[in-house]
Amino acid sequence: MKIEFTDEQLALLKEVLEEYGSMCYDEMFEYKHIAVDAEEKFVRDEYNALADAEEERFNRVKALSDYIVKYEDLMRNV
C-alpha cells in the first residue's frame with residue numbers, strides 16, 4: 001500500500017501532530033502538579049496514572065511525528 005501526501009497535507013499533518021503532542025505534554029505536567037498537591041494517596045495515584053498515560057501518548061505522537069519527517073525527507077529525495 002502506498003500513500004502519497006501533498007506538501008500542504010504534510011505540513012498540516014505535522015502541525016496537527018505538534019499541537020496534539022504539546023497538549024499531551026501540558027496535560028502530563030498538569031496531572032503531575034495535581035498529584036504533588038493532593039493530600040490523599042488515592043488521588044495522587046490516580047493523577048500519576050493519568051500523567052503516565054499522557055506521557056505514553058506524547059511519546060507515541062512524537063514517534064509518529066518523527067516518522068512523518070523521515071517520510072517527507074525520503075519523498076523529497078525520490
# chains A, B, ... in the order shown; residues from 1 in each chain; ligands from 1
$ residues_around --residues "Glu19 in chain A" --least-positions-apart "6" --cutoff "12 Å" --atoms "only C-alpha atoms" --output "list in words"
Leu12, Leu13, Tyr25, Asp26, Phe58, Val61, Lys62 and Ser65 of chain A
$ residues_around --residues "Glu30 in chain A" --least-positions-apart "5" --cutoff "12 Å" --atoms "only C-alpha atoms" --output "list in words"
Met23, Cys24, Tyr25, Ala35, Val36, Asp37, Tyr47, Asn48, Leu50, Ala51, Asp52, Glu54 and Glu55 of chain A
$ closest_residue --among "A:Lys32, A:Leu17, A:Leu10, A:Asp45" --to "Asp73 in chain A" --atoms "only C-alpha atoms"
A:Leu10
$ atom_distance --atom1 "CA of Ala53 in chain A" --atom2 "CA of Ile68 in chain A"
22.7 Å
$ closest_residue --among "A:Leu64, A:Ile3, A:Ala49, A:Met75" --to "Val16 in chain A" --atoms "only C-alpha atoms"
A:Leu64
$ closest_residue --among "A:Lys2, A:Lys14, A:Arg44, A:Glu8" --to "Asp66 in chain A" --atoms "only C-alpha atoms"
A:Lys14
$ decode --residues "range 19-61 of chain A" --atoms "N, CA and C atoms" --output "PDB file, in the first residue's frame"
ATOM      1  N   GLU A  19       0.760  20.145  17.616  1.00  0.00           N
ATOM      2  CA  GLU A  19      -0.206  20.748  18.541  1.00  0.00           C
ATOM      3  C   GLU A  19      -0.751  19.706  19.511  1.00  0.00           C
ATOM      4  N   TYR A  20      -1.089  18.527  19.009  1.00  0.00           N
ATOM      5  CA  TYR A  20      -1.598  17.473  19.874  1.00  0.00           C
ATOM      6  C   TYR A  20      -0.536  16.996  20.853  1.00  0.00           C
ATOM      7  N   GLY A  21       0.689  16.849  20.381  1.00  0.00           N
ATOM      8  CA  GLY A  21       1.783  16.462  21.266  1.00  0.00           C
ATOM      9  C   GLY A  21       1.992  17.480  22.374  1.00  0.00           C
ATOM     10  N   SER A  22       1.894  18.738  22.023  1.00  0.00           N
ATOM     11  CA  SER A  22       2.030  19.799  23.015  1.00  0.00           C
ATOM     12  C   SER A  22       0.918  19.725  24.056  1.00  0.00           C
ATOM     13  N   MET A  23      -0.293  19.433  23.604  1.00  0.00           N
ATOM     14  CA  MET A  23      -1.415  19.294  24.538  1.00  0.00           C
ATOM     15  C   MET A  23      -1.180  18.129  25.494  1.00  0.00           C
ATOM     16  N   CYS A  24      -0.708  17.014  24.974  1.00  0.00           N
ATOM     17  CA  CYS A  24      -0.418  15.846  25.818  1.00  0.00           C
ATOM     18  C   CYS A  24       0.658  16.185  26.846  1.00  0.00           C
ATOM     19  N   TYR A  25       1.688  16.874  26.390  1.00  0.00           N
ATOM     20  CA  TYR A  25       2.793  17.264  27.268  1.00  0.00           C
ATOM     21  C   TYR A  25       2.296  18.170  28.393  1.00  0.00           C
ATOM     22  N   ASP A  26       1.488  19.161  28.033  1.00  0.00           N
ATOM     23  CA  ASP A  26       0.942  20.079  29.038  1.00  0.00           C
ATOM     24  C   ASP A  26       0.042  19.351  30.029  1.00  0.00           C
ATOM     25  N   GLU A  27      -0.803  18.449  29.526  1.00  0.00           N
ATOM     26  CA  GLU A  27      -1.682  17.671  30.408  1.00  0.00           C
ATOM     27  C   GLU A  27      -0.872  16.809  31.370  1.00  0.00           C
ATOM     28  N   MET A  28       0.199  16.224  30.863  1.00  0.00           N
ATOM     29  CA  MET A  28       1.050  15.383  31.705  1.00  0.00           C
ATOM     30  C   MET A  28       1.540  16.181  32.914  1.00  0.00           C
ATOM     31  N   PHE A  29       2.037  17.389  32.670  1.00  0.00           N
ATOM     32  CA  PHE A  29       2.539  18.200  33.771  1.00  0.00           C
ATOM     33  C   PHE A  29       1.429  18.720  34.664  1.00  0.00           C
ATOM     34  N   GLU A  30       0.282  19.004  34.088  1.00  0.00           N
ATOM     35  CA  GLU A  30      -0.864  19.430  34.898  1.00  0.00           C
ATOM     36  C   GLU A  30      -1.260  18.322  35.868  1.00  0.00           C
ATOM     37  N   TYR A  31      -1.333  17.098  35.368  1.00  0.00           N
ATOM     38  CA  TYR A  31      -1.675  15.962  36.231  1.00  0.00           C
ATOM     39  C   TYR A  31      -0.607  15.746  37.297  1.00  0.00           C
ATOM     40  N   LYS A  32       0.650  15.913  36.936  1.00  0.00           N
ATOM     41  CA  LYS A  32       1.731  15.749  37.917  1.00  0.00           C
ATOM     42  C   LYS A  32       1.630  16.806  39.021  1.00  0.00           C
ATOM     43  N   HIS A  33       1.324  18.037  38.638  1.00  0.00           N
ATOM     44  CA  HIS A  33       1.179  19.105  39.641  1.00  0.00           C
ATOM     45  C   HIS A  33       0.015  18.814  40.585  1.00  0.00           C
ATOM     46  N   ILE A  34      -1.084  18.340  40.028  1.00  0.00           N
ATOM     47  CA  ILE A  34      -2.231  17.999  40.871  1.00  0.00           C
ATOM     48  C   ILE A  34      -1.861  16.860  41.816  1.00  0.00           C
ATOM     49  N   ALA A  35      -1.144  15.869  41.308  1.00  0.00           N
ATOM     50  CA  ALA A  35      -0.731  14.735  42.140  1.00  0.00           C
ATOM     51  C   ALA A  35       0.165  15.184  43.282  1.00  0.00           C
ATOM     52  N   VAL A  36       1.084  16.093  43.001  1.00  0.00           N
ATOM     53  CA  VAL A  36       2.004  16.577  44.034  1.00  0.00           C
ATOM     54  C   VAL A  36       1.241  17.330  45.126  1.00  0.00           C
ATOM     55  N   ASP A  37       0.230  18.077  44.704  1.00  0.00           N
ATOM     56  CA  ASP A  37      -0.537  18.887  45.658  1.00  0.00           C
ATOM     57  C   ASP A  37      -1.612  18.108  46.412  1.00  0.00           C
ATOM     58  N   ALA A  38      -1.925  16.911  45.946  1.00  0.00           N
ATOM     59  CA  ALA A  38      -3.001  16.127  46.558  1.00  0.00           C
ATOM     60  C   ALA A  38      -2.597  15.622  47.939  1.00  0.00           C
ATOM     61  N   GLU A  39      -3.563  15.639  48.823  1.00  0.00           N
ATOM     62  CA  GLU A  39      -3.309  15.167  50.190  1.00  0.00           C
ATOM     63  C   GLU A  39      -3.550  13.661  50.326  1.00  0.00           C
ATOM     64  N   GLU A  40      -4.549  13.139  49.603  1.00  0.00           N
ATOM     65  CA  GLU A  40      -4.884  11.725  49.714  1.00  0.00           C
ATOM     66  C   GLU A  40      -4.056  10.898  48.728  1.00  0.00           C
ATOM     67  N   LYS A  41      -3.606   9.745  49.203  1.00  0.00           N
ATOM     68  CA  LYS A  41      -2.776   8.883  48.380  1.00  0.00           C
ATOM     69  C   LYS A  41      -3.517   8.402  47.135  1.00  0.00           C
ATOM     70  N   PHE A  42      -4.794   8.052  47.274  1.00  0.00           N
ATOM     71  CA  PHE A  42      -5.519   7.534  46.117  1.00  0.00           C
ATOM     72  C   PHE A  42      -5.675   8.605  45.038  1.00  0.00           C
ATOM     73  N   VAL A  43      -5.765   9.866  45.433  1.00  0.00           N
ATOM     74  CA  VAL A  43      -5.844  10.953  44.454  1.00  0.00           C
ATOM     75  C   VAL A  43      -4.498  11.109  43.757  1.00  0.00           C
ATOM     76  N   ARG A  44      -3.421  11.064  44.525  1.00  0.00           N
ATOM     77  CA  ARG A  44      -2.080  11.131  43.934  1.00  0.00           C
ATOM     78  C   ARG A  44      -1.871   9.996  42.937  1.00  0.00           C
ATOM     79  N   ASP A  45      -2.263   8.794  43.359  1.00  0.00           N
ATOM     80  CA  ASP A  45      -2.087   7.623  42.492  1.00  0.00           C
ATOM     81  C   ASP A  45      -2.869   7.767  41.187  1.00  0.00           C
ATOM     82  N   GLU A  46      -4.095   8.243  41.287  1.00  0.00           N
ATOM     83  CA  GLU A  46      -4.924   8.422  40.085  1.00  0.00           C
ATOM     84  C   GLU A  46      -4.317   9.451  39.137  1.00  0.00           C
ATOM     85  N   TYR A  47      -3.902  10.576  39.677  1.00  0.00           N
ATOM     86  CA  TYR A  47      -3.341  11.625  38.817  1.00  0.00           C
ATOM     87  C   TYR A  47      -1.964  11.245  38.273  1.00  0.00           C
ATOM     88  N   ASN A  48      -1.202  10.491  39.017  1.00  0.00           N
ATOM     89  CA  ASN A  48       0.065   9.980  38.494  1.00  0.00           C
ATOM     90  C   ASN A  48      -0.189   8.999  37.348  1.00  0.00           C
ATOM     91  N   ALA A  49      -1.233   8.180  37.473  1.00  0.00           N
ATOM     92  CA  ALA A  49      -1.589   7.252  36.397  1.00  0.00           C
ATOM     93  C   ALA A  49      -2.035   8.026  35.152  1.00  0.00           C
ATOM     94  N   LEU A  50      -2.809   9.090  35.356  1.00  0.00           N
ATOM     95  CA  LEU A  50      -3.215   9.928  34.222  1.00  0.00           C
ATOM     96  C   LEU A  50      -2.001  10.581  33.570  1.00  0.00           C
ATOM     97  N   ALA A  51      -1.077  11.037  34.380  1.00  0.00           N
ATOM     98  CA  ALA A  51       0.144  11.650  33.848  1.00  0.00           C
ATOM     99  C   ALA A  51       0.958  10.636  33.049  1.00  0.00           C
ATOM    100  N   ASP A  52       1.041   9.411  33.556  1.00  0.00           N
ATOM    101  CA  ASP A  52       1.769   8.360  32.841  1.00  0.00           C
ATOM    102  C   ASP A  52       1.115   8.059  31.494  1.00  0.00           C
ATOM    103  N   ALA A  53      -0.209   8.041  31.465  1.00  0.00           N
ATOM    104  CA  ALA A  53      -0.930   7.792  30.211  1.00  0.00           C
ATOM    105  C   ALA A  53      -0.675   8.920  29.211  1.00  0.00           C
ATOM    106  N   GLU A  54      -0.661  10.155  29.689  1.00  0.00           N
ATOM    107  CA  GLU A  54      -0.387  11.284  28.799  1.00  0.00           C
ATOM    108  C   GLU A  54       1.056  11.258  28.298  1.00  0.00           C
ATOM    109  N   GLU A  55       1.964  10.831  29.142  1.00  0.00           N
ATOM    110  CA  GLU A  55       3.362  10.711  28.712  1.00  0.00           C
ATOM    111  C   GLU A  55       3.493   9.661  27.617  1.00  0.00           C
ATOM    112  N   GLU A  56       2.812   8.542  27.793  1.00  0.00           N
ATOM    113  CA  GLU A  56       2.833   7.486  26.779  1.00  0.00           C
ATOM    114  C   GLU A  56       2.236   8.004  25.466  1.00  0.00           C
ATOM    115  N   ARG A  57       1.131   8.718  25.560  1.00  0.00           N
ATOM    116  CA  ARG A  57       0.503   9.288  24.365  1.00  0.00           C
ATOM    117  C   ARG A  57       1.441  10.286  23.693  1.00  0.00           C
ATOM    118  N   PHE A  58       2.083  11.137  24.491  1.00  0.00           N
ATOM    119  CA  PHE A  58       3.039  12.105  23.951  1.00  0.00           C
ATOM    120  C   PHE A  58       4.163  11.382  23.203  1.00  0.00           C
ATOM    121  N   ASN A  59       4.689  10.318  23.795  1.00  0.00           N
ATOM    122  CA  ASN A  59       5.778   9.568  23.165  1.00  0.00           C
ATOM    123  C   ASN A  59       5.339   8.936  21.845  1.00  0.00           C
ATOM    124  N   ARG A  60       4.102   8.425  21.793  1.00  0.00           N
ATOM    125  CA  ARG A  60       3.599   7.849  20.546  1.00  0.00           C
ATOM    126  C   ARG A  60       3.411   8.922  19.475  1.00  0.00           C
ATOM    127  N   VAL A  61       2.897  10.073  19.869  1.00  0.00           N
ATOM    128  CA  VAL A  61       2.714  11.179  18.920  1.00  0.00           C
ATOM    129  C   VAL A  61       4.069  11.666  18.424  1.00  0.00           C
TER     130      VAL A  61
END
